[in-house]
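J.: Sending over my_file.txt (compact mmCIF, C-alpha atoms and all ligand atoms).
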```
# COMPACT_ATOMS: atom_id res chain seq x y z
CA MET A 1 -9.00 5.96 9.11
CA PHE A 2 -10.02 2.45 8.12
CA ILE A 3 -8.21 -0.43 9.89
CA LEU A 4 -9.01 -3.99 8.79
CA GLN A 5 -7.82 -5.51 12.06
CA SER A 6 -10.43 -3.55 14.05
CA ASN A 7 -13.00 -6.12 12.92
CA ALA A 8 -12.97 -9.92 12.96
CA SER A 9 -12.39 -11.29 9.47
CA ILE A 10 -10.22 -13.69 7.51
CA ALA A 11 -7.93 -10.71 6.83
CA ASN A 12 -6.61 -11.06 10.39
CA HIS A 13 -5.64 -14.65 9.62
CA PHE A 14 -3.62 -13.47 6.59
CA ILE A 15 -1.94 -10.73 8.65
CA ALA A 16 -1.09 -13.28 11.37
CA GLU A 17 0.57 -15.55 8.78
CA LEU A 18 2.54 -12.60 7.36
CA ARG A 19 3.92 -11.88 10.84
CA ASP A 20 4.54 -15.44 12.01
CA VAL A 21 8.28 -16.38 11.94
CA SER A 22 7.37 -20.02 11.49
CA ILE A 23 5.33 -19.27 8.34
CA GLN A 24 6.63 -16.04 6.76
CA HIS A 25 9.90 -17.65 5.50
CA ASP A 26 7.79 -19.48 2.91
CA SER A 27 8.18 -16.64 0.42
CA MET A 28 5.48 -17.87 -1.96
CA ARG A 29 2.96 -17.96 0.89
CA PHE A 30 4.18 -14.55 2.09
CA ARG A 31 3.63 -13.03 -1.36
CA ARG A 32 0.25 -14.72 -1.69
CA ASN A 33 -0.90 -13.44 1.70
CA MET A 34 0.21 -9.91 0.72
CA ASP A 35 -1.69 -10.32 -2.52
CA ARG A 36 -4.85 -11.45 -0.66
CA LEU A 37 -4.56 -8.56 1.79
CA GLY A 38 -4.23 -6.19 -1.17
CA GLU A 39 -7.44 -7.61 -2.64
CA ILE A 40 -9.32 -7.16 0.64
CA LEU A 41 -8.14 -3.58 1.19
CA ALA A 42 -8.93 -2.75 -2.44
CA TYR A 43 -12.44 -4.10 -1.90
CA GLU A 44 -12.86 -1.91 1.21
CA ILE A 45 -11.64 1.14 -0.72
CA SER A 46 -14.01 0.26 -3.56
CA LYS A 47 -16.93 0.93 -1.20
CA THR A 48 -15.90 4.61 -1.10
CA LEU A 49 -15.61 5.16 -4.87
CA ILE A 50 -18.20 6.60 -7.24
CA TYR A 51 -20.54 4.33 -9.23
CA LYS A 52 -22.86 5.06 -12.11
CA PRO A 53 -26.18 3.34 -12.79
CA VAL A 54 -26.07 1.05 -15.83
CA GLU A 55 -28.42 -1.19 -17.75
CA ILE A 56 -26.87 -4.54 -18.61
CA GLN A 57 -28.31 -6.83 -21.22
CA THR A 58 -28.40 -10.40 -19.88
CA PRO A 59 -29.48 -13.29 -22.16
CA LEU A 60 -32.99 -12.88 -20.68
CA ALA A 61 -33.62 -9.24 -19.79
CA ILE A 62 -32.15 -5.90 -18.76
CA ALA A 63 -30.49 -5.81 -15.33
CA HIS A 64 -30.30 -2.46 -13.57
CA THR A 65 -27.04 -2.26 -11.66
CA GLN A 66 -24.00 -0.06 -11.02
CA MET A 67 -20.50 0.10 -12.37
CA LEU A 68 -17.40 1.93 -11.23
CA GLU A 69 -17.39 5.38 -12.80
CA GLU A 70 -13.64 5.70 -12.86
CA GLN A 71 -10.80 3.40 -11.94
CA PRO A 72 -8.24 4.74 -9.44
CA VAL A 73 -4.55 5.09 -10.31
CA LEU A 74 -2.46 2.57 -8.36
CA VAL A 75 0.99 3.72 -7.26
CA ALA A 76 3.36 0.84 -6.47
CA ILE A 77 6.42 1.63 -4.38
CA LEU A 78 9.11 -0.90 -5.23
CA ARG A 79 10.11 -3.45 -4.18
CA ALA A 80 7.97 -4.72 -1.30
CA SER A 81 4.83 -3.27 -2.85
CA LEU A 82 4.79 -5.69 -5.79
CA PRO A 83 2.66 -8.56 -4.36
CA PHE A 84 0.41 -6.13 -2.45
CA HIS A 85 -0.06 -4.05 -5.61
CA HIS A 86 -0.86 -7.22 -7.54
CA GLY A 87 -3.79 -7.80 -5.18
CA PHE A 88 -5.06 -4.26 -5.82
CA LEU A 89 -4.75 -4.83 -9.55
CA ASN A 90 -6.84 -8.00 -9.28
CA ILE A 91 -9.71 -5.81 -8.06
CA PHE A 92 -9.09 -2.60 -10.02
CA ASP A 93 -8.23 -4.54 -13.12
CA ARG A 94 -8.42 -1.64 -15.57
CA ALA A 95 -6.49 0.80 -13.38
CA GLU A 96 -3.65 2.92 -14.63
CA ASN A 97 -0.45 2.41 -12.64
CA ALA A 98 2.55 4.38 -11.49
CA PHE A 99 5.78 2.73 -10.33
CA ILE A 100 8.32 4.32 -8.04
CA GLY A 101 11.70 2.92 -7.07
CA ALA A 102 11.98 4.19 -3.48
CA TYR A 103 13.90 2.46 -0.73
CA ARG A 104 15.44 3.25 2.63
CA GLY A 105 19.16 3.72 1.92
CA LYS A 106 21.99 2.41 4.08
CA HIS A 107 21.56 3.38 7.71
CA ARG A 108 24.07 5.85 9.17
CA ALA A 109 25.94 5.12 12.45
CA ASP A 110 23.04 6.67 14.41
CA GLU A 111 20.60 4.40 12.44
CA THR A 112 18.97 7.30 10.56
CA PHE A 113 18.58 6.91 6.79
CA ASP A 114 17.63 8.79 3.64
CA VAL A 115 15.09 7.46 1.18
CA GLN A 116 16.70 6.81 -2.23
CA MET A 117 14.65 7.23 -5.40
CA ASP A 118 15.83 6.15 -8.79
CA TYR A 119 12.82 5.24 -10.94
CA LEU A 120 9.46 6.85 -11.56
CA ALA A 121 6.88 6.11 -14.25
CA SER A 122 3.43 7.67 -13.90
CA PRO A 123 0.38 8.56 -15.96
CA ASP A 124 -1.29 11.97 -15.70
CA LEU A 125 -2.76 12.20 -12.18
CA THR A 126 -4.87 15.31 -12.74
CA ASP A 127 -8.26 14.94 -11.07
CA LYS A 128 -7.74 11.22 -10.44
CA THR A 129 -8.16 9.15 -7.30
CA ILE A 130 -4.71 7.80 -6.53
CA ILE A 131 -3.94 4.93 -4.18
CA LEU A 132 -0.38 4.85 -2.83
CA VAL A 133 0.20 1.15 -2.28
CA ASP A 134 3.03 0.16 0.07
CA PRO A 135 2.71 -2.72 2.55
CA MET A 136 4.90 -1.11 5.24
CA LEU A 137 4.34 2.41 6.57
CA ALA A 138 7.14 2.90 9.13
CA THR A 139 8.50 6.47 9.36
CA GLY A 140 6.36 7.48 6.36
CA LYS A 141 9.40 8.95 4.58
CA SER A 142 9.20 6.62 1.57
CA LEU A 143 5.54 7.41 0.99
CA TYR A 144 6.01 11.14 1.43
CA LYS A 145 9.03 11.31 -0.85
CA SER A 146 7.14 9.27 -3.45
CA TYR A 147 4.13 11.57 -3.19
CA GLN A 148 6.34 14.65 -3.58
CA ALA A 149 7.87 13.17 -6.73
CA LEU A 150 4.37 12.62 -8.14
CA GLN A 151 3.54 16.35 -7.86
CA ALA A 152 4.99 16.84 -11.36
CA TYR A 153 2.23 14.59 -12.79
CA GLY A 154 -0.81 16.70 -11.89
CA VAL A 155 -3.05 17.38 -8.90
CA PRO A 156 -5.17 14.34 -7.94
CA ARG A 157 -8.74 14.74 -6.70
CA ARG A 158 -8.34 12.19 -3.93
CA VAL A 159 -5.28 10.61 -2.28
CA ILE A 160 -5.52 7.27 -0.49
CA ILE A 161 -2.68 5.54 1.38
CA ALA A 162 -2.98 1.76 1.61
CA ALA A 163 -0.61 -0.18 3.89
CA ALA A 164 -0.68 -3.71 5.30
CA ILE A 165 1.01 -2.65 8.56
CA ALA A 166 1.62 0.89 9.82
CA ALA A 167 3.35 2.51 12.78
CA PRO A 168 1.67 5.40 14.63
CA GLU A 169 4.80 7.56 14.14
CA GLY A 170 4.55 7.25 10.34
CA VAL A 171 0.81 7.86 10.29
CA ASP A 172 1.23 11.01 12.41
CA TYR A 173 4.03 12.26 10.15
CA LEU A 174 1.94 11.74 7.01
CA LYS A 175 -1.13 13.33 8.58
CA THR A 176 1.01 16.47 9.04
CA GLN A 177 2.69 16.36 5.61
CA MET A 178 -0.31 15.16 3.61
CA PRO A 179 -3.45 16.28 5.47
CA GLU A 180 -5.54 15.48 2.38
CA ALA A 181 -4.63 11.76 2.48
CA GLU A 182 -7.03 9.04 3.66
CA PHE A 183 -5.67 5.89 5.31
CA PHE A 184 -6.72 2.28 4.70
CA LEU A 185 -4.60 -0.05 6.85
CA GLY A 186 -4.42 -3.76 7.57
CA ALA A 187 -3.11 -3.15 11.10
CA LEU A 188 -1.88 -0.19 13.12
CA ASP A 189 0.99 -1.45 15.29
CA ASP A 190 2.64 -0.17 18.48
CA HIS A 191 5.80 1.77 17.63
CA LEU A 192 9.10 1.88 15.70
CA ASN A 193 12.31 0.42 17.13
CA GLU A 194 15.70 2.20 17.09
CA LYS A 195 16.27 0.99 13.50
CA PHE A 196 12.88 2.34 12.44
CA TYR A 197 11.34 -1.11 12.00
CA ILE A 198 7.69 -1.55 12.95
CA ILE A 199 7.07 -3.34 16.27
CA PRO A 200 5.65 -5.97 16.36
CA GLY A 201 5.47 -5.65 12.54
CA LEU A 202 6.70 -8.51 10.42
CA GLY A 203 10.35 -7.72 9.64
CA ASP A 204 11.52 -6.64 6.19
CA ALA A 205 8.68 -7.12 3.75
CA GLY A 206 10.86 -6.75 0.64
CA ASP A 207 13.35 -9.37 1.83
CA LEU A 208 10.59 -11.77 2.87
CA ALA A 209 8.93 -11.52 -0.53
CA TYR A 210 12.03 -11.48 -2.72
CA GLY A 211 15.11 -12.39 -0.66
CA GLY A 212 17.84 -10.23 0.85
CA LYS A 213 19.68 -7.48 -1.00
CA LEU A 214 23.31 -6.33 -0.68
O1 LIG B 301 7.99 4.39 6.10
P1 LIG B 301 9.43 4.16 5.83
O2 LIG B 301 10.30 4.36 7.04
O3 LIG B 301 9.93 4.92 4.66
O4 LIG B 301 9.61 2.61 5.53
C1 LIG B 301 8.75 1.93 4.69
C2 LIG B 301 9.44 1.49 3.44
O5 LIG B 301 10.38 0.46 3.75
C3 LIG B 301 10.15 -0.63 2.89
O6 LIG B 301 10.90 -0.53 1.74
P2 LIG B 301 12.48 -0.77 1.76
O7 LIG B 301 13.22 0.51 1.92
O8 LIG B 301 12.81 -1.84 2.74
O9 LIG B 301 12.76 -1.26 0.29
P3 LIG B 301 12.36 -2.66 -0.37
O10 LIG B 301 10.91 -2.56 -0.69
O11 LIG B 301 13.22 -2.74 -1.58
O12 LIG B 301 12.66 -3.75 0.62
C4 LIG B 301 8.67 -0.56 2.63
O13 LIG B 301 8.28 -1.27 1.50
C5 LIG B 301 8.43 0.92 2.51
O14 LIG B 301 8.60 1.42 1.20
O1 LIG B 302 9.23 -2.65 9.67
C1 LIG B 302 9.56 -2.33 8.52
C2 LIG B 302 9.95 -1.03 8.18
C3 LIG B 302 10.27 -0.76 6.91
N1 LIG B 302 10.23 -1.72 5.98
C4 LIG B 302 9.87 -2.99 6.28
O2 LIG B 302 9.83 -3.86 5.42
N2 LIG B 302 9.55 -3.26 7.55
MG MG B 303 12.92 -3.69 2.53
```
Translate this file's structure into structure tokens.
T.:
Amino acid sequence: MFILQSNASIANHFIAELRDVSIQHDSMRFRRNMDRLGEILAYEISKTLIYKPVEIQTPLAIAHTQMLEEQPVLVAILRASLPFHHGFLNIFDRAENAFIGAYRGKHRADETFDVQMDYLASPDLTDKTIILVDPMLATGKSLYKSYQALQAYGVPRRVIIAAAIAAPEGVDYLKTQMPEAEFFLGALDDHLNEKFYIIPGLGDAGDLAYGGKL
């Protein structure tokens, strides 16, 4: 499991701003910080992909270098994923993309919830590296339900989960349900509260990026 916050870097500064109540209400800055975190995690993931040697003609000579053999497929889980996914797309700029409308439905009296899904568009995933891009990994239910829905689109070669902030409960759940998945996280937090929000977390990422919903 790769965790950005395990090492000192500017990424920690961006994560701190995403969490900070005195800064995160500036929704443009919140989206931009999510975007920058997406770029950094995409760069870290890029170090694990396959490259092919190439000869590039410069104006002066041939340069021997490497290029990405195959772009991953980016899976955006609406709505909070959008700015984070945008950062990934800045790095994997020729990637194919899937979009899934998944959200935690209204909480019941005991605070439990079902994940609602009402939109899915995906390319063929057969033999591809797919990156499930969702900034918040809380219980893991949204990611797992999204992954299950993608089964109809072919068997990927490699499955990567990318989250800005994750809870240990959600990571453990996904490790059981999706043992093949690899994790790239911004931060791994302490626990979930009784409403299944990540503690300390940052609050509701979708609302902070795009405003509240009814
Ligand atoms: O791991 P889980 O317990 O499933 O929670 C994580 C999900 O919650 C958030 O979405 P939300 O349901 O708030 O929808 P939104 O993106 O529209 O705000 C977040 O973007 C994840 O998709
Ligand atoms: O802490 C959480 C949990 C789910 N979704 C969020 O946006 N934040
Ligand atoms: Mg939300």
J.: Taking all atoms listed in the file and a cut-off of 10 Å, can you tell me which residues surround ligand MG 303 (chain B), written as JSON, numbers by chain?
T.: {"A": [78, 79, 80, 81, 102, 103, 104, 105, 136, 197, 203, 204, 205, 206, 207, 208, 209, 210, 211, 212, 213]}
J.: As an NGL selection string, please: the residues near segment 149-166 of chain A (cut-off 9 Å, only C-alpha atoms, same-chain neighbours under 3 positions excluded).
T.: :A and (15 or 34 or 37-38 or 41-42 or 45 or 84 or 100 or 120 or 122-140 or 143-146 or 169-171 or 178 or 180-191 or 198 or 201-202)
J.: Rank A:Met28, A:Ala61, A:Ile23, A:Leu18 by their smallest atom-to-atom distance to ligand LIG 302 (chain B), using all atoms listed in the file, and report the top residue only.
T.: A:Leu18
J.: Which value, in Å to one decimal, gives the distance between atom CA of Ile10 of chain A and atom C1 of ligand LIG 302 (chain B)?
T.: 22.8 Å
J.: Closest to ligand LIG 301 (chain B) among A:Lys106, A:Arg94, A:His85, A:Lys141, using only C-alpha atoms and all ligand atoms?
T.: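 When distances to ligand LIG 301 (chain B) are compared using only C-alpha atoms and all ligand atoms, the smallest one comes from A:Lys141.
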J.: Kindly give the distance, in Å, that separates atom CA of Gly87 of chain A and atom CA of Gln57 of chain A, rounded to a single decimal.
T.: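 Distance between the two atoms: 29.3 Å.
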J.: Name all residues at most 10 Å from Asp110 of chain A (count all atoms listed in the file; drop same-chain ones fewer than 2 positions away) and give them as an NGL selection string.
T.: :A and (107-108 or 112-113 or 194-195)
J.: Emit the selected residues as a PDB file, in the frame of the given file, including C-alpha atoms.
T.:
```pdb
ATOM      1  CA  HIS A 107      21.560   3.380   7.710  1.00  0.00           C
ATOM      2  CA  ARG A 108      24.070   5.850   9.170  1.00  0.00           C
ATOM      3  CA  THR A 112      18.970   7.300  10.560  1.00  0.00           C
ATOM      4  CA  PHE A 113      18.580   6.910   6.790  1.00  0.00           C
ATOM      5  CA  GLU A 194      15.700   2.200  17.090  1.00  0.00           C
ATOM      6  CA  LYS A 195      16.270   0.990  13.500  1.00  0.00           C
TER       7      LYS A 195
END
```
J.: Enter the distance from atom CA of Val73 of chain A to atom CA of Phe88 of chain A, in Å, rounded to one decimal.
T.: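 These two atoms are separated by 10.4 Å.
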J.: Counting only C-alpha atoms and all ligand atoms, which of A:Gln148, A:Leu174, A:Ile50, A:Val115 gets nearest to ligand LIG 302 (chain B)?
T.: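 Between A:Gln148, A:Leu174, A:Ile50, A:Val115, the residue approaching ligand LIG 302 (chain B) most closely is A:Val115.
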J.: For each of A:Tyr147, A:Leu82, A:Phe99, A:Ala8, take the minimum atom-to-atom distance to ligand LIG 301 (chain B), counting only C-alpha atoms and all ligand atoms, then give the residue where this is smallest.
T.: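 The answer is A:Leu82, which sits nearest to ligand LIG 301 (chain B).
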J.: At a cut-off of 12 Å from (-18.0, 5.9, -15.5) in the coordinates of the file, what residues are picked up using only C-alpha atoms, written as number ranges by chain?
T.: A: 49-54, 66-72
J.: Once 6 Å is added on each side, what centre and edge lengths in Å to one decimal does the axis-aligned box around all listed atoms of ligand LIG 301 (chain B) have, as JSON?
T.:
```
{"center_x": 10.6, "center_y": 0.6, "center_z": 2.7, "size_x": 17.2, "size_y": 20.7, "size_z": 20.6}
```
J.: For each of A:Ala121, A:Ile40, A:Ile77, A:Ala98, take the minimum atom-to-atom distance to ligand LIG 302 (chain B), counting only C-alpha atoms and all ligand atoms, then give the residue where this is smallest.
T.: A:Ile77
J.: Considering only C-alpha atoms and all ligand atoms, state which residue in the set A:Ala63, A:Ala95, A:Ile3, A:Leu192 is at the smallest distance from ligand LIG 301 (chain B).
T.: A:Leu192
